[in-house]
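File shown: final21.csv. Contents: CSV, C-alpha atoms.
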```csv
chain,number,residue,atom,x,y,z
Z,1,MET,CA,184.8,201.7,65.3
Z,2,THR,CA,185.6,205.4,65.0
Z,3,GLU,CA,185.7,205.7,68.8
Z,4,MET,CA,188.1,202.8,69.0
Z,5,TYR,CA,190.4,204.5,66.4
Z,6,SER,CA,190.2,207.7,68.4
Z,7,THR,CA,191.0,206.0,71.6
Z,8,LEU,CA,194.0,204.4,70.1
Z,9,PHE,CA,195.5,207.6,68.8
Z,10,GLY,CA,194.2,209.7,71.7
Z,11,GLN,CA,191.3,212.1,72.0
Z,12,ASN,CA,193.1,215.2,73.0
Z,13,GLU,CA,196.5,216.7,73.7
Z,14,THR,CA,196.1,217.4,77.4
Z,15,GLN,CA,195.8,213.8,78.4
Z,16,GLY,CA,199.1,212.8,77.1
Z,17,PRO,CA,199.9,209.6,75.3
Z,18,ALA,CA,197.7,206.8,76.3
Z,19,GLY,CA,200.6,204.4,76.6
Z,20,SER,CA,203.1,206.6,78.5
Z,21,SER,CA,201.5,206.6,81.9
Z,22,SER,CA,200.3,203.1,81.8
Z,23,LEU,CA,203.8,201.9,80.9
Z,24,GLY,CA,205.4,204.1,83.5
Z,25,PHE,CA,206.9,206.7,81.3
Z,26,GLY,CA,206.7,210.3,82.5
Z,27,PRO,CA,204.2,212.0,84.8
Z,28,GLY,CA,200.6,212.1,83.8
Z,29,LYS,CA,197.1,211.7,84.9
Z,30,PRO,CA,195.9,208.1,85.2
Z,31,PRO,CA,194.3,206.9,82.1
Z,32,PRO,CA,190.6,207.4,81.9
Z,33,PRO,CA,188.5,204.4,82.5
Z,34,MET,CA,188.0,202.3,79.4
Z,35,PRO,CA,184.5,201.8,78.0
Z,36,GLN,CA,183.4,198.3,78.6
Z,37,ASN,CA,183.1,197.5,75.0
Z,38,GLN,CA,186.6,198.5,74.1
Z,39,VAL,CA,189.7,196.4,74.4
Z,40,SER,CA,192.7,198.0,76.0
Z,41,MET,CA,195.4,198.4,73.4
Z,42,THR,CA,197.8,200.4,75.5
Z,43,GLY,CA,199.9,197.3,76.3
Z,44,GLN,CA,200.5,196.8,72.6
Z,45,MET,CA,201.7,200.4,72.1
Z,46,PRO,CA,205.5,200.4,71.6
Z,47,ALA,CA,207.3,202.1,74.5
Z,48,GLN,CA,209.3,204.2,72.0
Z,49,LEU,CA,206.2,205.9,70.7
Z,50,GLY,CA,205.1,206.9,74.2
Z,51,ASP,CA,208.6,208.0,75.0
Z,52,GLU,CA,209.0,210.2,71.9
Z,53,GLY,CA,205.4,211.4,71.9
Z,54,PRO,CA,205.7,215.1,72.9
Z,55,ALA,CA,208.5,215.8,70.4
Z,56,LEU,CA,206.7,214.2,67.5
Z,57,ARG,CA,203.3,215.7,67.9
Z,58,LYS,CA,202.2,218.6,66.0
Z,59,PRO,CA,199.9,221.2,67.7
Z,60,GLY,CA,196.7,219.5,68.6
Z,61,ALA,CA,194.6,222.0,66.8
Z,62,MET,CA,196.3,221.2,63.5
Z,63,ASN,CA,196.2,217.4,63.8
Z,64,GLU,CA,192.8,217.0,65.4
Z,65,PRO,CA,191.8,214.2,66.0
Z,66,PHE,CA,195.3,212.6,65.7
Z,67,TYR,CA,198.3,212.8,67.8
Z,68,LEU,CA,201.6,210.9,67.6
Z,69,LEU,CA,201.5,211.9,64.0
Z,70,ARG,CA,205.0,212.1,62.6
Z,71,GLU,CA,206.0,214.5,59.9
Z,72,LEU,CA,206.5,212.6,56.7
Z,73,PRO,CA,210.0,212.4,55.4
Z,74,VAL,CA,211.1,214.8,52.8
Z,75,GLY,CA,210.7,213.3,49.4
Z,76,ASN,CA,214.0,214.4,47.9
Z,77,GLU,CA,216.0,212.9,50.7
Z,78,LEU,CA,218.7,210.5,49.5
Z,79,THR,CA,217.7,206.9,50.5
Z,80,GLY,CA,218.3,203.4,49.4
Z,81,ASN,CA,215.4,203.8,47.0
Z,82,THR,CA,217.8,205.4,44.5
Z,83,ASN,CA,220.7,203.5,42.9
Z,84,LEU,CA,223.5,204.9,44.9
Z,85,ILE,CA,226.2,203.6,42.5
Z,86,THR,CA,224.7,205.6,39.7
Z,87,HIS,CA,224.1,208.6,42.1
Z,88,TYR,CA,227.8,208.8,42.9
Z,89,ASN,CA,228.9,208.1,39.3
Z,90,LEU,CA,230.5,204.8,40.2
Z,91,GLU,CA,229.2,202.8,37.3
Z,92,HIS,CA,232.6,202.9,35.6
Z,93,ALA,CA,234.3,201.6,38.8
Z,94,TYR,CA,231.6,198.9,39.2
Z,95,ASN,CA,231.9,197.7,35.6
Z,96,LYS,CA,235.7,197.8,35.9
Z,97,PHE,CA,235.9,195.7,39.1
Z,98,CYS,CA,232.7,193.6,38.9
Z,99,GLY,CA,232.4,193.2,35.2
Z,100,LYS,CA,235.4,191.0,34.8
Z,101,LYS,CA,237.3,188.7,37.0
Z,102,VAL,CA,239.9,190.4,39.2
Z,103,LYS,CA,243.1,188.3,39.7
Z,104,GLU,CA,243.6,187.1,43.1
Z,105,LYS,CA,247.3,187.6,43.8
Z,106,LEU,CA,249.0,190.8,44.8
Z,107,SER,CA,251.7,190.2,42.1
Z,108,ASN,CA,248.9,190.6,39.5
Z,109,PHE,CA,248.3,194.1,40.9
Z,110,LEU,CA,252.0,195.0,41.2
Z,111,PRO,CA,253.6,193.0,38.5
Z,112,GLU,CA,256.8,195.1,38.4
Z,113,LEU,CA,257.5,194.6,42.1
Z,114,PRO,CA,260.5,192.3,42.6
Z,115,GLY,CA,260.5,189.5,45.2
Z,116,MET,CA,257.9,187.1,46.5
Z,117,ILE,CA,255.1,189.5,47.4
Z,118,ASP,CA,252.3,186.9,47.3
Z,119,CYS,CA,253.4,185.3,50.6
Z,120,PRO,CA,251.6,186.4,53.7
Z,121,GLY,CA,253.4,189.4,55.3
Z,122,THR,CA,253.2,187.9,58.7
Z,123,GLN,CA,255.6,185.1,57.7
Z,124,ASP,CA,258.6,187.3,57.3
Z,125,GLY,CA,257.4,190.2,59.5
Z,126,SER,CA,256.8,192.5,56.5
Z,127,SER,CA,253.1,193.1,57.1
Z,128,LEU,CA,251.7,196.6,57.0
Z,129,ARG,CA,249.6,195.8,60.0
Z,130,SER,CA,252.8,195.3,62.1
Z,131,LEU,CA,254.0,198.7,60.8
Z,132,ILE,CA,250.9,200.3,62.3
Z,133,ASP,CA,250.8,198.3,65.5
Z,134,LYS,CA,254.5,198.7,66.2
Z,135,PRO,CA,255.8,201.8,64.3
Z,136,PRO,CA,259.5,201.8,63.9
Z,137,VAL,CA,261.5,203.9,66.3
Z,138,CYS,CA,263.3,206.5,64.1
Z,139,GLY,CA,264.1,210.1,63.9
Z,140,ASN,CA,262.0,212.6,62.0
Z,141,SER,CA,264.5,213.5,59.3
Z,142,PHE,CA,266.6,211.6,56.8
Z,143,SER,CA,270.1,212.9,56.4
Z,144,PRO,CA,272.6,211.6,53.9
Z,145,LEU,CA,275.5,209.4,55.1
Z,146,THR,CA,278.8,211.1,55.3
Z,147,GLY,CA,282.2,209.4,54.8
Z,148,ALA,CA,282.5,208.4,58.4
Z,149,LEU,CA,279.0,206.8,58.5
Z,150,LEU,CA,279.6,205.0,55.3
Z,151,THR,CA,282.5,203.0,56.8
Z,152,GLY,CA,279.8,200.9,58.5
Z,153,PHE,CA,278.7,199.7,55.1
Z,154,ARG,CA,282.0,198.2,54.1
Z,155,LEU,CA,281.0,194.6,53.0
Z,156,HIS,CA,283.0,191.4,52.6
Z,157,THR,CA,283.6,190.3,49.1
Z,158,GLY,CA,281.8,187.3,47.7
Z,159,PRO,CA,278.3,186.1,47.2
Z,160,LEU,CA,275.7,186.2,49.9
Z,161,PRO,CA,275.0,183.1,52.0
Z,162,GLU,CA,272.3,180.9,50.6
Z,163,GLN,CA,269.7,181.7,53.3
Z,164,TYR,CA,269.8,185.4,52.5
Z,165,ARG,CA,269.8,184.9,48.8
Z,166,LEU,CA,266.5,183.1,49.1
Z,167,MET,CA,264.9,186.4,50.2
Z,168,HIS,CA,265.1,187.6,46.6
Z,169,ILE,CA,263.5,184.7,44.9
Z,170,GLN,CA,261.3,185.9,42.0
Z,171,PRO,CA,258.1,183.9,41.8
Z,172,PRO,CA,258.3,181.4,39.0
Z,173,LYS,CA,256.7,182.9,36.0
Z,174,LYS,CA,254.4,181.0,33.8
Z,175,LYS,CA,256.1,179.3,30.9
Z,176,SER,CA,255.8,181.4,27.9
Z,177,LYS,CA,254.1,180.0,24.8
Z,178,HIS,CA,257.2,180.9,22.8
Z,179,LYS,CA,259.2,177.7,22.4
Z,180,HIS,CA,263.0,177.8,22.4
Z,181,LYS,CA,264.1,176.3,19.2
Z,182,HIS,CA,267.8,176.1,19.9
Z,183,HIS,CA,268.8,172.7,18.8
Z,184,ARG,CA,272.3,171.4,19.3
Z,185,PRO,CA,274.0,170.6,16.1
Z,186,GLN,CA,275.3,167.3,17.5
Z,187,ASP,CA,272.0,166.0,18.8
Z,188,PRO,CA,272.2,162.6,20.2
Z,189,LEU,CA,269.7,161.3,17.7
Z,190,PRO,CA,269.9,157.8,16.5
Z,191,GLN,CA,272.6,157.9,13.9
Z,192,GLU,CA,272.0,156.8,10.5
Z,193,THR,CA,273.7,153.7,9.4
Z,194,PRO,CA,276.0,153.9,6.3
Z,195,SER,CA,273.5,151.7,4.6
Z,196,ASP,CA,270.7,154.3,5.2
Z,197,SER,CA,272.7,156.9,3.3
Z,198,ASP,CA,272.5,155.0,0.1
Z,199,PRO,CA,269.4,156.2,-1.7
Z,200,LYS,CA,269.0,153.0,-3.6
Z,201,LYS,CA,269.0,150.8,-0.6
Z,202,LYS,CA,266.7,153.3,1.1
Z,203,LYS,CA,264.2,152.8,-1.6
Z,204,LYS,CA,264.6,149.1,-1.4
Z,205,LYS,CA,264.1,149.2,2.3
Z,206,ARG,CA,261.0,151.2,2.0
Z,207,ASP,CA,259.6,148.8,-0.4
Z,208,ASP,CA,260.7,145.7,1.5
Z,209,ASP,CA,260.1,146.6,5.1
Z,210,PRO,CA,256.4,147.0,5.9
Z,211,ASP,CA,257.1,148.1,9.5
Z,212,ARG,CA,259.1,151.0,8.2
Z,213,LYS,CA,256.4,153.5,9.0
Z,214,LYS,CA,256.0,152.3,12.5
Z,215,LYS,CA,259.7,152.6,13.1
Z,216,LYS,CA,259.7,156.1,11.7
Z,217,LYS,CA,257.0,157.1,14.0
Z,218,ASP,CA,258.9,155.7,17.0
Z,219,LYS,CA,262.0,157.7,15.8
Z,220,LYS,CA,259.9,160.8,15.6
Z,221,LYS,CA,258.6,160.3,19.1
Z,222,LYS,CA,262.2,159.8,20.4
Z,223,LYS,CA,263.2,163.0,18.7
Z,224,VAL,CA,260.4,164.9,20.3
Z,225,LYS,CA,261.4,163.6,23.7
Z,226,ILE,CA,264.9,164.7,23.2
Z,227,VAL,CA,263.9,168.1,22.1
Z,228,LYS,CA,261.7,168.4,25.1
Z,229,LEU,CA,264.5,167.4,27.4
Z,230,GLU,CA,266.7,170.0,25.9
Z,231,ASN,CA,264.1,172.6,26.4
Z,232,TYR,CA,263.7,171.5,29.9
Z,233,SER,CA,267.4,171.8,30.6
Z,234,PHE,CA,267.5,175.2,28.9
Z,235,SER,CA,264.6,176.5,30.9
Z,236,HIS,CA,266.0,175.0,34.0
Z,237,VAL,CA,269.2,177.0,33.5
Z,238,LEU,CA,267.0,180.1,33.0
Z,239,ILE,CA,265.0,179.5,36.1
Z,240,SER,CA,268.0,178.8,38.2
Z,241,ALA,CA,269.5,182.0,36.8
Z,242,ARG,CA,266.4,183.8,37.9
Z,243,PHE,CA,266.5,182.1,41.2
Z,244,CYS,CA,269.9,183.6,41.9
Z,245,PHE,CA,269.9,187.0,40.3
Z,246,TRP,CA,266.2,187.9,40.0
Z,247,GLY,CA,264.1,188.1,36.8
Z,248,ARG,CA,265.4,191.1,35.2
Z,249,LEU,CA,269.1,190.3,35.7
Z,250,THR,CA,268.5,187.1,33.6
Z,251,ASP,CA,268.1,189.3,30.6
Z,252,ASN,CA,271.4,191.0,31.4
Z,253,LEU,CA,273.0,187.6,31.8
Z,254,LEU,CA,271.8,186.6,28.4
Z,255,ILE,CA,273.4,189.7,27.0
Z,256,MET,CA,276.6,189.3,28.9
Z,257,PHE,CA,276.8,185.5,28.4
Z,258,PRO,CA,275.4,184.7,25.0
Z,259,THR,CA,276.6,181.1,25.4
Z,260,PHE,CA,273.3,180.6,27.2
Z,261,GLU,CA,271.5,181.4,24.0
Z,262,SER,CA,273.7,179.2,21.8
Z,263,LYS,CA,273.2,176.4,24.2
H,1,MET,CA,244.5,214.6,43.1
H,2,ALA,CA,245.8,212.1,40.6
H,3,GLU,CA,249.0,214.1,40.2
H,4,LYS,CA,249.8,213.7,43.8
H,5,PHE,CA,249.4,209.9,43.5
H,6,ASP,CA,251.4,209.8,40.3
H,7,ASN,CA,254.2,211.7,42.1
H,8,LEU,CA,254.2,209.3,45.0
H,9,GLU,CA,254.0,206.3,42.7
H,10,GLU,CA,257.0,207.6,40.7
H,11,HIS,CA,259.1,208.1,43.8
H,12,LEU,CA,258.1,204.7,45.1
H,13,GLU,CA,259.0,203.0,41.8
H,14,LYS,CA,262.4,204.8,41.8
H,15,PHE,CA,263.0,203.8,45.4
H,16,ILE,CA,262.1,200.1,44.8
H,17,GLU,CA,264.3,200.0,41.7
H,18,ASN,CA,267.2,201.5,43.7
H,19,ILE,CA,266.7,198.9,46.4
H,20,ARG,CA,266.7,196.1,43.8
H,21,GLN,CA,269.9,197.3,42.3
H,22,LEU,CA,271.3,197.6,45.8
H,23,GLY,CA,270.4,194.0,46.3
H,24,ILE,CA,272.2,192.9,43.2
H,25,ILE,CA,275.4,194.7,44.3
H,26,VAL,CA,275.2,193.1,47.7
H,27,SER,CA,274.3,189.6,46.5
H,28,ASP,CA,277.8,189.2,45.0
H,29,PHE,CA,279.9,192.0,46.5
H,30,GLN,CA,283.2,192.9,44.9
H,31,PRO,CA,285.7,195.4,46.3
H,32,SER,CA,285.2,197.7,43.3
H,33,SER,CA,281.5,197.8,44.1
H,34,GLN,CA,282.0,199.8,47.3
H,35,ALA,CA,281.6,203.2,45.6
H,36,GLY,CA,278.5,202.1,43.8
H,37,LEU,CA,277.1,200.8,47.1
H,38,ASN,CA,277.7,204.0,48.9
H,39,GLN,CA,276.0,205.9,46.1
H,40,LYS,CA,273.0,203.6,46.2
H,41,LEU,CA,272.7,204.0,49.9
H,42,ASN,CA,272.6,207.8,49.6
H,43,PHE,CA,270.1,207.4,46.8
H,44,MET,CA,268.0,205.4,49.1
H,45,ILE,CA,268.1,208.2,51.7
H,46,SER,CA,267.2,210.8,49.2
H,47,GLY,CA,264.4,208.5,48.0
H,48,LEU,CA,263.0,208.3,51.5
H,49,GLN,CA,263.2,212.1,51.7
H,50,ASP,CA,261.2,212.4,48.5
H,51,ILE,CA,258.6,210.0,49.8
H,52,GLU,CA,258.5,211.9,53.1
H,53,LYS,CA,257.7,215.1,51.1
H,54,CYS,CA,254.8,213.3,49.4
H,55,ARG,CA,253.3,212.5,52.7
H,56,GLN,CA,252.4,216.1,53.3
H,57,GLN,CA,250.4,216.3,50.0
H,58,LEU,CA,248.4,213.2,50.9
H,59,HIS,CA,247.6,214.0,54.5
H,60,GLU,CA,243.8,214.0,53.9
H,61,ILE,CA,243.7,210.6,52.2
H,62,ASN,CA,242.2,207.9,54.3
H,63,VAL,CA,242.9,204.2,53.6
H,64,PRO,CA,240.6,201.5,55.0
H,65,LEU,CA,242.5,199.2,57.3
H,66,GLU,CA,240.9,196.2,55.5
H,67,VAL,CA,243.0,197.1,52.5
H,68,PHE,CA,246.2,196.5,54.4
H,69,GLU,CA,244.9,193.1,55.5
H,70,TYR,CA,244.4,192.2,51.9
H,71,ILE,CA,247.9,193.3,51.0
H,72,ASP,CA,249.3,191.5,54.0
H,73,GLN,CA,247.7,188.3,52.9
H,74,GLY,CA,249.2,188.7,49.4
H,75,ARG,CA,245.8,189.4,47.9
H,76,ASN,CA,245.0,191.9,45.2
H,77,PRO,CA,243.6,195.0,46.9
H,78,GLN,CA,241.3,195.6,44.0
H,79,LEU,CA,239.3,192.6,45.4
H,80,TYR,CA,238.5,194.8,48.4
H,81,THR,CA,237.1,197.5,46.1
H,82,LYS,CA,235.1,194.9,44.2
H,83,GLU,CA,233.7,193.4,47.3
H,84,CYS,CA,232.8,196.8,48.7
H,85,LEU,CA,230.9,197.7,45.5
H,86,GLU,CA,229.1,194.4,45.4
H,87,ARG,CA,228.2,194.7,49.1
H,88,ALA,CA,227.0,198.3,48.5
H,89,LEU,CA,224.8,197.2,45.6
H,90,ALA,CA,223.4,194.3,47.5
H,91,ARG,CA,222.5,196.5,50.5
H,92,ASN,CA,221.1,199.1,48.2
H,93,GLU,CA,218.8,196.5,46.6
H,94,GLN,CA,217.7,195.2,50.0
H,95,VAL,CA,216.8,198.7,51.2
H,96,LYS,CA,215.0,199.5,48.0
H,97,GLY,CA,213.0,196.3,48.4
H,98,LYS,CA,212.1,197.3,51.9
H,99,ILE,CA,211.1,200.8,50.9
H,100,ASP,CA,209.0,199.5,48.0
H,101,THR,CA,207.3,197.0,50.3
H,102,MET,CA,206.5,199.6,52.9
H,103,THR,CA,205.2,202.0,50.2
H,104,LYS,CA,202.8,199.3,49.0
H,105,PHE,CA,201.8,198.5,52.6
H,106,LYS,CA,201.2,202.2,53.3
H,107,SER,CA,198.9,202.7,50.3
H,108,LEU,CA,197.1,199.4,51.1
H,109,LEU,CA,196.6,200.5,54.7
H,110,ILE,CA,195.4,203.9,53.7
H,111,SER,CA,192.9,202.4,51.3
H,112,GLU,CA,191.6,199.9,53.8
H,113,LEU,CA,191.4,202.4,56.6
H,114,SER,CA,189.5,204.8,54.3
H,115,LYS,CA,186.9,202.1,53.9
H,116,VAL,CA,186.5,201.6,57.6
H,117,PHE,CA,187.2,205.1,58.9
H,118,PRO,CA,186.2,207.4,56.0
H,119,GLU,CA,185.8,210.5,58.1
H,120,ASP,CA,189.1,210.2,60.0
H,121,MET,CA,191.0,209.2,57.0
H,122,ALA,CA,189.6,212.3,55.2
H,123,LYS,CA,191.0,214.4,58.0
H,124,TYR,CA,194.3,212.5,57.8
H,125,LYS,CA,194.5,213.1,54.1
H,126,ALA,CA,193.7,216.8,54.7
H,127,ILE,CA,196.8,217.0,57.0
H,128,HIS,CA,199.2,214.9,55.0
H,129,GLY,CA,197.8,215.6,51.5
H,130,GLU,CA,196.3,213.1,49.1
H,131,ASP,CA,199.5,212.1,47.5
H,132,ALA,CA,201.6,211.9,50.6
H,133,PRO,CA,205.3,211.2,49.8
H,134,SER,CA,206.3,207.7,50.7
```
Write out the structure in this file as structure tokens.
Amino acid sequence: MTEMYSTLFGQNETQGPAGSSSLGFGPGKPPPPMPQNQVSMTGQMPAQLGDEGPALRKPGAMNEPFYLLRELPVGNELTGNTNLITHYNLEHAYNKFCGKKVKEKLSNFLPELPGMIDCPGTQDGSSLRSLIDKPPVCGNSFSPLTGALLTGFRLHTGPLPEQYRLMHIQPPKKKSKHKHKHHRPQDPLPQETPSDSDPKKKKKKRDDDPDRKKKKKDKKKKKVKIVKLENYSFSHVLISARFCFWGRLTDNLLIMFPTFESK
Amino acid sequence: MAEKFDNLEEHLEKFIENIRQLGIIVSDFQPSSQAGLNQKLNFMISGLQDIEKCRQQLHEINVPLEVFEYIDQGRNPQLYTKECLERALARNEQVKGKIDTMTKFKSLLISELSKVFPEDMAKYKAIHGEDAPS
């Protein structure tokens, strides 16, 4: 068995790798005839080993009876054996991004940026990729516009056409939990009959009418519906205001036109 | 390094705000707004000059192109960082698993070879040492 092992890894340096000549790599003497009781393993030797043989071998005297012996890797080399996230002090970043759910949309990353930024940039030609692929043709310097150049920016009065205004749509924000409790003083609630105003009659009614409670409940439901509708109309005004003038401007509008509030 | 980014961020925010105000002026233009419009236009140019100056400070910063793809798709670019870290950790664990397996295989092979070829393995250990690094 020892002989077989020696045959596999070669007896001496001068003969060259056993597999190299048989596989047709490099010059060398033909392989010595195999003893009859041994099985030829040269065919199983990887070609790479035979190819790299001379560079990997140590002097034969040192590695007797081995050759094709690689030097072992240095122990302190940085490999995948170590936790590379810890090694590069990225635990904080890992915990920050992988510890909790990161919101999907770009507007969550840039909440202050106006406009619809969650739409794909390829739709309106605002993609960064197109900026790289087709860089804009422009000069190297930016110079302020003088009086003559500014004449080109004289605009017509009036609002922008609808199709251009749509470019500045603010994404609809989630409804805030804060409920608007601005009730109109003249709510179209079911009016009380003059008979209801009389406390004596009321008492009588309460005592007499067993379906009083049910009716009251129905009235309450109607009230809620009306209030909800009012909220809807109010929020609708707000949203439409945002639609036209962007989110922040709405606040300005509320300041300028407090009638919105009173409504 | 962070100061450079802060500087750029500040200029970009100012620039965007100026553009936003410009949009408001233009959306319902009045004759009296012309002076304001001209001023905003020149602010825009000076803003671009400021951003241009920041470019020199950030010349060595490399941004992966995949981040741009995330932004173009309207996705949060932090997701890219997250996925990178998760991928790195997964690969790290895979490689560690392979290294551990190969280490076990090596020690098992050496022990088995030592049983069959005691003399040769003694020579091998003499060359590589008893506790050869894995």
| Any idea which chain Z residues end up within 8 Å of chain H if we count all atoms listed in the file, as an MDAnalysis selection string please? | chainID Z and resid 1:2 62:63 65:66 72:75 80:85 94 97:98 102:109 113:114 117:122 126:129 141:145 150 153:160 165 245
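Considering the residues H:Lys4, H:Arg87, H:Lys40, H:Lys14 and counting all atoms listed in the file, Ile61 (chain H) has its shortest atom-to-atom contact with H:Lys4.
From CA of Ala93 (chain Z) back to CA of Phe15 (chain H), the distance works out to 29.5 Å.
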Which is closest to Lys53 (chain H) among Z:His87, Z:Asn140, Z:Asn76, Z:Ala148, if we use only C-alpha atoms?
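Counting only C-alpha atoms, the residue closest to Lys53 (chain H) is Z:Asn140.
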Could you state the separation of CA of Cys54 (chain H) and CA of Gly115 (chain Z) in Å, given to one decimal place?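 CA of Gly115 (chain Z) lies at a distance of 24.8 Å from CA of Cys54 (chain H).
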Here CA of Asn18 (chain H) and CA of Ala2 (chain H) stand apart by 24.1 Å
